[in-house]
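> Attaching a single structure in structure tokens format; questions to follow.
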Amino acid sequence: MRVSREWLETFIDINVPTNELAESITRGGIEVDDIIDYTADIKKLVVGYVKSVKPHPEADRLNLCEVDTGEETTQIVCGAPNVKADSYVIVSKVGGRLPGGIKIKRAKLRGEVSEGMICSLEEIGVKEEYVPAEYQGGIFMFNGEPAPGTEALEALYLDDQVLEFDLTPNRKDALSMIGAAYETRALFGGEVEVPETAVSEIDDVVTVAIENEDAEAVPFYAAREVRGVEIKPAPLWMQIRLIKAGIRPINNVVDISNYVLMEYGQPLHMFDRDQIGSDKIVTRKAREDEKFTTLDGKERTLTAEDIVITNGDATIALAGVMGGLDSEVTDNTVNVVIESALFEPVKIRKTSSRLNLRSEASQRFEKGVSHEFILPAVNRAAYLLEKYAGGKTLKGIASDGELNLEPGVIRTSADFINNRLGTELTVAEILGTLQKLGLGAEEENGAIDVIIPSRRDDLKIPEDISEEVARIFGYDNIPSTLPEYSTITPGRLSDEQHEVRVIKRQLNAQGFSQAINYALTSKKRIGEFSPLTESLQLLMPMSEDRAVLRTSLVPHLVDNATYNVNRQQKNVSLFEIGKIFDTNGQDQLPDEIEMLAGIVTGEQHKTAWTNTSVPSDFYTVKGVLESLFEKLGLVDRVTYKQSAAHDELHPGRTADVLLDDKVIGFAGELHPQYAEDHDLGQTAVFEINLAEVLKVKTGSILYDILPKYPSVSRDVALEVSSDVNVSEIISEIRAAAPKYLEDVYPFDIYDGEHMADGKKSVALHLTYLNREKTLTDKDIEALHTPVEDALKAAGYILRG
């Protein structure tokens, strides 16, 4: 919201500098992001009267203008296509300055002397997008006759500063000049002067009838009729005030509707009465897939959630968002209908968001407009049409629905407010503060009843009143106190937070860097590395690459690795902790699943002086996961099973990760073709369901004392079928020797020369340990023989 000081002063007297005003408003709870000073860097800018214009003898596109600047008449060379004699213009005199540090000097252009510059609005600091169409690409000309030599900024109402409010969603009351005036009154005192709304009705009665088919969607709808309007430019002061508010002037009728919008925060719409097509206006919900062409000339497809304004049959406007092309005000308009209504905020927001039609009007309807300004706004618009468009207002206001003007009441007390603020404010001070805010307040028997007008319907509970008192009293004036407490409860991390930190530290220790990626991805990446083939789509994505919610963390990590490799960072180890999304349909919130994923590519743990490294293969990421599960106390509960579930992974070098026999993720190498498509060499990835891991409570960790007695090792070599997994062999061994078997692991697998087709050799190292005594050869024989017998029984051949 942009608040012009010059405009604001028509509502309330301001006797402080603009910087102080902005500082006080910011301290009062509304942040002033910026102050736009239209006087900054401008010097010697006056009104000039163009006496004559003749072509430049040496240039086709230049003109020699004789300009009266009050003190003297000078020649100025001007290249604007719309310059003409007998016009009043903006002139920057010799020695003057313009925004951007431009200095105006006496110059010669193609042999002709030019003493000054005739300016456009853009050249004095007005953004091009706000300049009226008639002056775009040319100089500005006053539509009146200001005295030559007058200060141009004063004549243009630009001797002004504009405060740019950054409003929080609850402060809809400050989305208007009258709201800004009440805020100023609360901080500096004074009285707010409301705009003139008294119309001069003629004898003819309003000719349209209003009917609301859905009272919930449209609680109240009002309309006034004004006949005989003349379409022309609005007064200069109105145009400039709209420009300062960030709105481009169009014509007097449209400008008046926008002007009243900024005054009251109540959006209006002007219909061409002769183009409505009937004598009634009916509001209803749109029909599914109904077509409607809006003012911008685009055909919109509506849904049953949209609210439309109709003539009883055809749609003439999209409620609260945009009018229709057929009933818009044009240069031929003579009679207008002014709409002022109350619409259901949620429906307006859904419509404007879905159609990507955000406007000053929809912004206010989305937050809910103030009931008390609906009728004054329509009367104000009719009054301005009478005064500046020559209109005649018909008698009466056509309306349907109920307009609740009964103010709300919040009961509080001085003790309640002081208890929460830590202050010692008296009842009189509290009442005075609330009355400054324009809130009625009465005290009786220690209770304070606060009367809440509809413009401040963001105030709902007594705590809201405490906040209002605090911000006007001044947060800086509230004394600092320590909280009272009887016992101290130290803060600590939850178990889940602690375990996440353990995971991050362990991955960092292994050379991994944490990546943070968007939760949004492209549709083509859905289904990669995941069984989820559907995802929730955004209605208005920022790009095709950010159109849907992701179903796996790995695709983005692959992109991260590719980005680094393409920039000569060949050895990459990255991990990410984040959420994936399992959709429940486009109209439902998705399930969010916390995941952990990682990627390694290039040479890992490379040591230059020994010229050794670890390849980025399946065993690299499996080792990383085992180290994590070891830290979390879960290593004995996690197993791995060969898998080929995802086309993006190598079919022979991928395994599912199982926690208590439940699949929680995978670890494996990228498929060579997939890796090549992403400019990567041998690369391994993993992804596990972190939520499932964090659910497991491991309890206290039990430690064993160091053994006093030596362990005994035995090796066994087996000839097995090529499709036998080593984990199956280890399971057979553990089942056959549950006592004293401390460890078993493979140390060699061979399937080359001297091995039959379809066979391989697996060598395993077994370690036996009795923590209470030394194992003898006889003890080992008794332990190891059942193991060999079990392996033979399983069909494995023991090799000598």
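Residue names in the structure tokens use chain letters A, B, ... in the order shown, residue numbers from 1 in each chain, and ligand numbers from 1 in the order shown.
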Which residues, written as a list in words, have at least one atom at most 6 Å from stretch 525-540 of chain A, with only C-alpha atoms counted and residues fewer than 3 positions away on the same chain left out?
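The filter keeps Ser522, Ala547, Val548, Leu549, Thr583, Gln586 and His646 of chain A.
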> Would you mind listing what lies within 10 Å of A:Pro233 as a VMD selection string, with only C-alpha atoms counted and same-chain residues fewer than 5 positions away left out?
chain A and resid 132 134 143 238 to 239 249 to 255 388 to 389
> Select, from A:Glu424, A:Asp313, A:Asp13, A:Asp457, the residue with the minimum atom-to-atom distance to A:Asn477, counting only C-alpha atoms.
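Closest to A:Asn477 of all the choices is A:Glu424.
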> Considering only C-alpha atoms, can you say which of A:Pro407, A:Gly138, A:Gly602, A:Pro376 comes closest to A:Leu680?
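Among the listed residues, A:Gly602 lies closest to A:Leu680.
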> For a quick check of understanding, using only C-alpha atoms, which of A:Arg349, A:Lys93, A:Lys579, A:Arg420 has the smallest distance to A:Ala361?
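With only C-alpha atoms as the atom set, the closest residue is A:Arg349.
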> Within 9 Å of A:Leu156, counting only C-alpha atoms, which residues show up once you throw out same-chain ones fewer than 6 positions away? Write them as a list in words, please.
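In the requested format, the answer is Phe142, Leu236, Trp237 and Ile240 of chain A.
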> Those same residues, written as a JSON list (two decimals), in the first residue's frame with N, CA and C atoms?

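part37.json written:
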[["chain", "number", "residue", "atom", "x", "y", "z"],
["A", 142, "PHE", "N", -0.29, 20.19, -19.11],
["A", 142, "PHE", "CA", -1.34, 20.49, -18.13],
["A", 142, "PHE", "C", -2.67, 20.73, -18.85],
["A", 236, "LEU", "N", -6.58, 16.64, -12.76],
["A", 236, "LEU", "CA", -5.15, 16.35, -12.62],
["A", 236, "LEU", "C", -4.81, 15.85, -11.22],
["A", 237, "TRP", "N", -5.38, 16.46, -10.19],
["A", 237, "TRP", "CA", -5.06, 16.04, -8.82],
["A", 237, "TRP", "C", -5.44, 14.58, -8.58],
["A", 240, "ILE", "N", -2.89, 12.31, -10.52],
["A", 240, "ILE", "CA", -1.58, 12.24, -9.87],
["A", 240, "ILE", "C", -1.65, 11.43, -8.58]]
